[in-house]
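Asks: Mind looking over this structure? Questions follow.
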Amino acid sequence: MSNAYLRFWGVRGSHSAPFASHLGIGGNTSCVEIRVDDHILLCDAGTGLINFGNEMMKQKDIREMLIILTHYHWDHICGLPFFVPAFVPDWNISIFGPGIKAANIEEYVSAQMKAPFFPVGTETWLAKINYLPPPQEHCFSYGPMNISYDNVHHPGITYGYRIQVRGKTILYISDNECLYLDKSIKLKYGEVSPEEQVLYDRMNKEEYASEIKLIQGADILIHDAQYTPEDYQKKRGWGHSCFIDTVNTAIDAGVKELYLYHHDPNYDDREMDSIYQHAKDIIKQRKASLICHLAVEGMIIDLE
Amino acid sequence: MTIHPTPTVVVVDDSPSVRILFERGTENLDVNLMIFESARSSWEYLEGNKPELLFLNIKMPGKDGLTFLKELRELPLHKDTSVVIISSKDYAQDRTIANELGAQDFITKPMPIKAITDVVLKYIGN
Ligand SMILES: [Zn+2]
Ligand SMILES: [Zn+2]
């Protein structure tokens, strides 16, 4: 294996989907590893983290890693209570996520490991756990990786991460509802004056420009694409994107490669394949150069 | 005779169209409107001044409005500053956080000009 790669350990959103009909895509929730030499960065700590931890226990060379959390919804942190390296003394684990101080991260991460919900708390973690305080400029580095983050459109404070390494820009945006304001404006457009309509149009353009800016320059974009258009109709306002909006926004932003991610746990392998075919049709129709993949558990991308 | 100074309304939002909506919504009110495009650019003013009403957007470049409000609330000066959230994020969780941080109201974007006038009048009178 190359010295720099990205691996999907969990690709589902909302909750795990360990059903036979779903395992072609994978059943674990959000967790992506970016490895460069001996440096390990984990994006989110969903159930995918458990298997990653078990793999790490089989080797002896590396004892350190950084986990960056987009937010604290269960599908992004529920691997931590079962993450074996955290319970072993010689490990060094840094954790970063939303909060105004490092103590907030500790508070949110440990909240899920309290009685009666879990038998042992984070005080039983024997590894050295280092909760990182928010940096002044929304950016920091970890080994050869430069990491920055921005606010995205999802309930509560949620980050999207930009990781620059080996000349590549990787964007990890697990939970983000694309074009939400656009739809809110369409719903209210008929009720307001022509002057307000002009301002709403401007507001819409500003918002879309900021959505484009968020993902611009991505060599690899890992992005929320949870719903089909039919389900999005029912679940607008749940904080996730319809995959069609994800694909179109990625094309408009000039993204090179898109990995559709945070798959709905209700979609089996067949449904996921039909989403993938539909995404490829959109790209073809728009004559775009975007390369699109479905994120699949176990998939490895070479970063060399 | 008591002289009441003109109340100050501060808006922290990166959107130029929101700026225009606020200018239009307050043009017939006797208020001193100050608009900043980020938490950072408003800090110098807010660190030493308490407006009569503070509007905060949530999703902005740099610091988000809810994290910023949490920091402001830690300053004695802003423990009880009247705050209204203005956001496209029409989510229950954002409303809950805003409520826990003592925000008085939550207006979802896009808002008509009158909604701005009404909320300013509601919280500072005129
Ligand atoms: Zn999620
Ligand atoms: Zn979430």
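Here's how to read the names in the structure tokens: chain A, B, ... by the order shown, residue numbers from 1 in each chain, ligand numbers from 1 in the order shown.
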Can you write out as a tab-separated table which residues of chain A fall within 10 Å of ligand 1, alongside each residue's closest atom pair and its distance in Å to one decimal, counting only C-alpha atoms and all ligand atoms and ordering rows by chain and ascending residue number?

Replies:
residue	atom	partner	partner_atom_place_in_ligand_line	distance
A:Val11	CA	ligand 1	1 (Zn)	9.8
A:Arg12	CA	ligand 1	1 (Zn)	8.0
A:Gly13	CA	ligand 1	1 (Zn)	4.7
A:Ser14	CA	ligand 1	1 (Zn)	5.1
A:His15	CA	ligand 1	1 (Zn)	8.1
A:Thr29	CA	ligand 1	1 (Zn)	7.9
A:Ser30	CA	ligand 1	1 (Zn)	7.1
A:Asp44	CA	ligand 1	1 (Zn)	9.4
A:Gly46	CA	ligand 1	1 (Zn)	8.8
A:Thr70	CA	ligand 1	1 (Zn)	8.7
A:His71	CA	ligand 1	1 (Zn)	8.3
A:Tyr72	CA	ligand 1	1 (Zn)	8.8
A:His73	CA	ligand 1	1 (Zn)	6.3
A:Trp74	CA	ligand 1	1 (Zn)	7.5
A:Asp75	CA	ligand 1	1 (Zn)	5.4
A:His76	CA	ligand 1	1 (Zn)	6.1
A:Ile77	CA	ligand 1	1 (Zn)	9.6
A:His154	CA	ligand 1	1 (Zn)	9.1
A:Thr158	CA	ligand 1	1 (Zn)	9.9
A:Ile173	CA	ligand 1	1 (Zn)	9.9
A:Ser174	CA	ligand 1	1 (Zn)	6.5
A:Asp175	CA	ligand 1	1 (Zn)	5.4
A:Asn176	CA	ligand 1	1 (Zn)	8.9
A:Asp224	CA	ligand 1	1 (Zn)	8.4
A:Gln226	CA	ligand 1	1 (Zn)	9.4
A:Gly239	CA	ligand 1	1 (Zn)	8.8
A:His240	CA	ligand 1	1 (Zn)	8.2
A:Tyr261	CA	ligand 1	1 (Zn)	9.9
A:His262	CA	ligand 1	1 (Zn)	6.6
A:His263	CA	ligand 1	1 (Zn)	9.3
A:Asp264	CA	ligand 1	1 (Zn)	9.6

Asks: Please, which residues of chain B lie no more than 6 Å from chain A when the count uses only C-alpha atoms, and can they be set out as a PyMOL selection string?

Replies: chain B and resi 17+59+88+91+93-94

Asks: Excluding Leu221 of chain A and its own-chain neighbours fewer than 4 positions away, which residues fall within 10 Å of it when counting only C-alpha atoms? Please give them as a PDB file with all heavy atoms, in the first residue's frame.

Replies:
ATOM      1  N   ARG A 162     -11.397  21.081   5.348  1.00  0.00           N
ATOM      2  CA  ARG A 162     -10.553  21.148   4.146  1.00  0.00           C
ATOM      3  C   ARG A 162      -9.168  20.671   4.568  1.00  0.00           C
ATOM      4  O   ARG A 162      -8.553  21.250   5.462  1.00  0.00           O
ATOM      5  CB  ARG A 162     -10.524  22.591   3.632  1.00  0.00           C
ATOM      6  CG  ARG A 162      -9.714  22.825   2.381  1.00  0.00           C
ATOM      7  CD  ARG A 162      -9.856  24.288   1.924  1.00  0.00           C
ATOM      8  NE  ARG A 162     -11.131  24.528   1.268  1.00  0.00           N
ATOM      9  CZ  ARG A 162     -11.284  24.663  -0.059  1.00  0.00           C
ATOM     10  NH1 ARG A 162     -10.247  24.593  -0.861  1.00  0.00           N
ATOM     11  NH2 ARG A 162     -12.483  24.867  -0.577  1.00  0.00           N
ATOM     12  N   THR A 169      -6.098  18.685  -2.345  1.00  0.00           N
ATOM     13  CA  THR A 169      -7.072  19.271  -1.432  1.00  0.00           C
ATOM     14  C   THR A 169      -8.244  18.297  -1.289  1.00  0.00           C
ATOM     15  O   THR A 169      -8.908  17.956  -2.274  1.00  0.00           O
ATOM     16  CB  THR A 169      -7.560  20.628  -1.978  1.00  0.00           C
ATOM     17  OG1 THR A 169      -6.428  21.500  -2.060  1.00  0.00           O
ATOM     18  CG2 THR A 169      -8.609  21.245  -1.080  1.00  0.00           C
ATOM     19  N   ILE A 170      -8.457  17.879  -0.052  1.00  0.00           N
ATOM     20  CA  ILE A 170      -9.543  16.932   0.240  1.00  0.00           C
ATOM     21  C   ILE A 170     -10.577  17.673   1.077  1.00  0.00           C
ATOM     22  O   ILE A 170     -10.229  18.309   2.075  1.00  0.00           O
ATOM     23  CB  ILE A 170      -9.012  15.733   1.051  1.00  0.00           C
ATOM     24  CG1 ILE A 170      -7.875  15.035   0.287  1.00  0.00           C
ATOM     25  CG2 ILE A 170     -10.140  14.752   1.388  1.00  0.00           C
ATOM     26  CD1 ILE A 170      -6.998  14.180   1.185  1.00  0.00           C
ATOM     27  N   LEU A 171     -11.835  17.599   0.664  1.00  0.00           N
ATOM     28  CA  LEU A 171     -12.882  18.227   1.470  1.00  0.00           C
ATOM     29  C   LEU A 171     -13.776  17.160   2.068  1.00  0.00           C
ATOM     30  O   LEU A 171     -14.280  16.289   1.349  1.00  0.00           O
ATOM     31  CB  LEU A 171     -13.696  19.191   0.609  1.00  0.00           C
ATOM     32  CG  LEU A 171     -13.000  20.549   0.523  1.00  0.00           C
ATOM     33  CD1 LEU A 171     -13.348  21.283  -0.727  1.00  0.00           C
ATOM     34  CD2 LEU A 171     -13.377  21.376   1.730  1.00  0.00           C
ATOM     35  N   TYR A 172     -13.939  17.244   3.379  1.00  0.00           N
ATOM     36  CA  TYR A 172     -14.777  16.281   4.086  1.00  0.00           C
ATOM     37  C   TYR A 172     -15.984  17.025   4.653  1.00  0.00           C
ATOM     38  O   TYR A 172     -15.879  17.771   5.633  1.00  0.00           O
ATOM     39  CB  TYR A 172     -13.982  15.608   5.210  1.00  0.00           C
ATOM     40  CG  TYR A 172     -14.817  14.621   5.993  1.00  0.00           C
ATOM     41  CD1 TYR A 172     -15.064  13.341   5.502  1.00  0.00           C
ATOM     42  CD2 TYR A 172     -15.388  14.971   7.213  1.00  0.00           C
ATOM     43  CE1 TYR A 172     -15.847  12.439   6.200  1.00  0.00           C
ATOM     44  CE2 TYR A 172     -16.177  14.076   7.921  1.00  0.00           C
ATOM     45  CZ  TYR A 172     -16.396  12.812   7.407  1.00  0.00           C
ATOM     46  OH  TYR A 172     -17.184  11.918   8.102  1.00  0.00           O
ATOM     47  N   ILE A 173     -17.127  16.860   3.992  1.00  0.00           N
ATOM     48  CA  ILE A 173     -18.349  17.568   4.407  1.00  0.00           C
ATOM     49  C   ILE A 173     -19.450  16.510   4.514  1.00  0.00           C
ATOM     50  O   ILE A 173     -20.216  16.259   3.581  1.00  0.00           O
ATOM     51  CB  ILE A 173     -18.691  18.690   3.399  1.00  0.00           C
ATOM     52  CG1 ILE A 173     -17.492  19.650   3.275  1.00  0.00           C
ATOM     53  CG2 ILE A 173     -19.956  19.434   3.834  1.00  0.00           C
ATOM     54  CD1 ILE A 173     -17.624  20.735   2.243  1.00  0.00           C
ATOM     55  N   SER A 174     -19.501  15.888   5.673  1.00  0.00           N
ATOM     56  CA  SER A 174     -20.365  14.714   5.840  1.00  0.00           C
ATOM     57  C   SER A 174     -21.845  15.074   5.896  1.00  0.00           C
ATOM     58  O   SER A 174     -22.682  14.347   5.376  1.00  0.00           O
ATOM     59  CB  SER A 174     -19.981  13.977   7.112  1.00  0.00           C
ATOM     60  OG  SER A 174     -20.170  14.835   8.223  1.00  0.00           O
ATOM     61  N   ILE A 215     -16.563  24.491  -1.384  1.00  0.00           N
ATOM     62  CA  ILE A 215     -16.024  23.245  -1.968  1.00  0.00           C
ATOM     63  C   ILE A 215     -15.065  23.484  -3.137  1.00  0.00           C
ATOM     64  O   ILE A 215     -14.508  22.535  -3.680  1.00  0.00           O
ATOM     65  CB  ILE A 215     -17.167  22.298  -2.406  1.00  0.00           C
ATOM     66  CG1 ILE A 215     -18.079  22.961  -3.444  1.00  0.00           C
ATOM     67  CG2 ILE A 215     -17.961  21.835  -1.208  1.00  0.00           C
ATOM     68  CD1 ILE A 215     -19.107  21.996  -4.038  1.00  0.00           C
ATOM     69  N   GLN A 216     -14.889  24.750  -3.508  1.00  0.00           N
ATOM     70  CA  GLN A 216     -14.036  25.071  -4.652  1.00  0.00           C
ATOM     71  C   GLN A 216     -12.598  24.600  -4.418  1.00  0.00           C
ATOM     72  O   GLN A 216     -12.105  24.660  -3.306  1.00  0.00           O
ATOM     73  CB  GLN A 216     -14.026  26.583  -4.873  1.00  0.00           C
ATOM     74  CG  GLN A 216     -14.136  26.958  -6.315  1.00  0.00           C
ATOM     75  CD  GLN A 216     -14.690  28.363  -6.485  1.00  0.00           C
ATOM     76  OE1 GLN A 216     -14.536  29.212  -5.608  1.00  0.00           O
ATOM     77  NE2 GLN A 216     -15.334  28.606  -7.602  1.00  0.00           N
ATOM     78  N   GLY A 217     -11.974  24.162  -5.492  1.00  0.00           N
ATOM     79  CA  GLY A 217     -10.568  23.772  -5.408  1.00  0.00           C
ATOM     80  C   GLY A 217     -10.374  22.355  -4.900  1.00  0.00           C
ATOM     81  O   GLY A 217      -9.243  21.924  -4.670  1.00  0.00           O
ATOM     82  N   ALA A 250     -21.287  20.392  -7.058  1.00  0.00           N
ATOM     83  CA  ALA A 250     -19.889  19.980  -7.279  1.00  0.00           C
ATOM     84  C   ALA A 250     -19.457  20.318  -8.710  1.00  0.00           C
ATOM     85  O   ALA A 250     -18.329  20.771  -8.931  1.00  0.00           O
ATOM     86  CB  ALA A 250     -19.732  18.491  -7.006  1.00  0.00           C
ATOM     87  N   VAL A 255     -15.250  20.905  -8.962  1.00  0.00           N
ATOM     88  CA  VAL A 255     -14.610  19.835  -8.180  1.00  0.00           C
ATOM     89  C   VAL A 255     -14.098  18.750  -9.132  1.00  0.00           C
ATOM     90  O   VAL A 255     -14.734  18.465 -10.144  1.00  0.00           O
ATOM     91  CB  VAL A 255     -15.671  19.243  -7.200  1.00  0.00           C
ATOM     92  CG1 VAL A 255     -15.226  17.919  -6.620  1.00  0.00           C
ATOM     93  CG2 VAL A 255     -15.987  20.251  -6.099  1.00  0.00           C
ATOM     94  N   LYS A 256     -12.944  18.146  -8.801  1.00  0.00           N
ATOM     95  CA  LYS A 256     -12.414  17.093  -9.687  1.00  0.00           C
ATOM     96  C   LYS A 256     -13.100  15.749  -9.438  1.00  0.00           C
ATOM     97  O   LYS A 256     -13.638  15.153 -10.342  1.00  0.00           O
ATOM     98  CB  LYS A 256     -10.899  16.958  -9.477  1.00  0.00           C
ATOM     99  CG  LYS A 256     -10.129  18.100 -10.125  1.00  0.00           C
ATOM    100  CD  LYS A 256      -8.645  17.788 -10.189  1.00  0.00           C
ATOM    101  CE  LYS A 256      -7.892  19.039 -10.633  1.00  0.00           C
ATOM    102  NZ  LYS A 256      -6.614  19.189  -9.954  1.00  0.00           N
ATOM    103  N   GLU A 257     -13.057  15.276  -8.197  1.00  0.00           N
ATOM    104  CA  GLU A 257     -13.673  13.970  -7.907  1.00  0.00           C
ATOM    105  C   GLU A 257     -14.625  14.090  -6.724  1.00  0.00           C
ATOM    106  O   GLU A 257     -14.263  14.632  -5.670  1.00  0.00           O
ATOM    107  CB  GLU A 257     -12.599  12.941  -7.537  1.00  0.00           C
ATOM    108  CG  GLU A 257     -11.892  12.384  -8.743  1.00  0.00           C
ATOM    109  CD  GLU A 257     -10.973  11.220  -8.363  1.00  0.00           C
ATOM    110  OE1 GLU A 257     -11.482  10.194  -7.854  1.00  0.00           O
ATOM    111  OE2 GLU A 257      -9.763  11.365  -8.576  1.00  0.00           O
ATOM    112  N   LEU A 258     -15.817  13.575  -6.911  1.00  0.00           N
ATOM    113  CA  LEU A 258     -16.834  13.624  -5.853  1.00  0.00           C
ATOM    114  C   LEU A 258     -17.120  12.214  -5.337  1.00  0.00           C
ATOM    115  O   LEU A 258     -17.336  11.296  -6.138  1.00  0.00           O
ATOM    116  CB  LEU A 258     -18.122  14.236  -6.425  1.00  0.00           C
ATOM    117  CG  LEU A 258     -19.399  14.108  -5.580  1.00  0.00           C
ATOM    118  CD1 LEU A 258     -19.291  14.910  -4.281  1.00  0.00           C
ATOM    119  CD2 LEU A 258     -20.625  14.581  -6.375  1.00  0.00           C
ATOM    120  N   TYR A 259     -17.125  12.050  -4.031  1.00  0.00           N
ATOM    121  CA  TYR A 259     -17.557  10.793  -3.415  1.00  0.00           C
ATOM    122  C   TYR A 259     -18.880  11.059  -2.710  1.00  0.00           C
ATOM    123  O   TYR A 259     -18.932  11.806  -1.730  1.00  0.00           O
ATOM    124  CB  TYR A 259     -16.496  10.296  -2.418  1.00  0.00           C
ATOM    125  CG  TYR A 259     -15.288   9.742  -3.128  1.00  0.00           C
ATOM    126  CD1 TYR A 259     -14.302  10.594  -3.599  1.00  0.00           C
ATOM    127  CD2 TYR A 259     -15.163   8.368  -3.383  1.00  0.00           C
ATOM    128  CE1 TYR A 259     -13.199  10.103  -4.298  1.00  0.00           C
ATOM    129  CE2 TYR A 259     -14.076   7.875  -4.079  1.00  0.00           C
ATOM    130  CZ  TYR A 259     -13.105   8.735  -4.533  1.00  0.00           C
ATOM    131  OH  TYR A 259     -12.029   8.250  -5.236  1.00  0.00           O
ATOM    132  N   LEU A 260     -19.939  10.463  -3.243  1.00  0.00           N
ATOM    133  CA  LEU A 260     -21.255  10.592  -2.601  1.00  0.00           C
ATOM    134  C   LEU A 260     -21.169   9.835  -1.277  1.00  0.00           C
ATOM    135  O   LEU A 260     -20.709   8.689  -1.238  1.00  0.00           O
ATOM    136  CB  LEU A 260     -22.353  10.019  -3.490  1.00  0.00           C
ATOM    137  CG  LEU A 260     -22.474  10.652  -4.890  1.00  0.00           C
ATOM    138  CD1 LEU A 260     -23.506   9.890  -5.719  1.00  0.00           C
ATOM    139  CD2 LEU A 260     -22.850  12.127  -4.805  1.00  0.00           C
ATOM    140  N   TYR A 261     -21.625  10.469  -0.189  1.00  0.00           N
ATOM    141  CA  TYR A 261     -21.315   9.974   1.166  1.00  0.00           C
ATOM    142  C   TYR A 261     -22.527  10.165   2.076  1.00  0.00           C
ATOM    143  O   TYR A 261     -23.478  10.842   1.736  1.00  0.00           O
ATOM    144  CB  TYR A 261     -20.121  10.796   1.662  1.00  0.00           C
ATOM    145  CG  TYR A 261     -19.510  10.376   2.979  1.00  0.00           C
ATOM    146  CD1 TYR A 261     -18.897   9.137   3.135  1.00  0.00           C
ATOM    147  CD2 TYR A 261     -19.492  11.260   4.065  1.00  0.00           C
ATOM    148  CE1 TYR A 261     -18.294   8.785   4.338  1.00  0.00           C
ATOM    149  CE2 TYR A 261     -18.892  10.910   5.273  1.00  0.00           C
ATOM    150  CZ  TYR A 261     -18.297   9.671   5.406  1.00  0.00           C
ATOM    151  OH  TYR A 261     -17.697   9.322   6.594  1.00  0.00           O
ATOM    152  N   CYS A 292     -17.362  10.991 -10.554  1.00  0.00           N
ATOM    153  CA  CYS A 292     -18.225  10.737  -9.397  1.00  0.00           C
ATOM    154  C   CYS A 292     -18.148   9.275  -8.969  1.00  0.00           C
ATOM    155  O   CYS A 292     -18.120   8.381  -9.813  1.00  0.00           O
ATOM    156  CB  CYS A 292     -19.661  11.118  -9.768  1.00  0.00           C
ATOM    157  SG  CYS A 292     -20.838  10.871  -8.446  1.00  0.00           S
TER     158      CYS A 292
END

Asks: Using only C-alpha atoms, which residues sit within 6 Å of segment 4-10 of chain A once same-chain residues fewer than 2 positions away are excluded, as a list in words?

Replies: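 What passes the distance filter is Ser2, Asn28, Thr29, Ser30, Cys31, Val32, Glu33, Ile34, Arg35, Val36, Gly48, Glu297, Gly298, Met299, Ile300, Ile301, Asp302, Leu303 and Glu304 of chain A.
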
Asks: Could you check which of A:Pro134, A:Met57, A:Gly160, A:Ala115 is closest to ligand 2, using only C-alpha atoms and all ligand atoms?

Replies: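 Nearest to ligand 2: A:Gly160.
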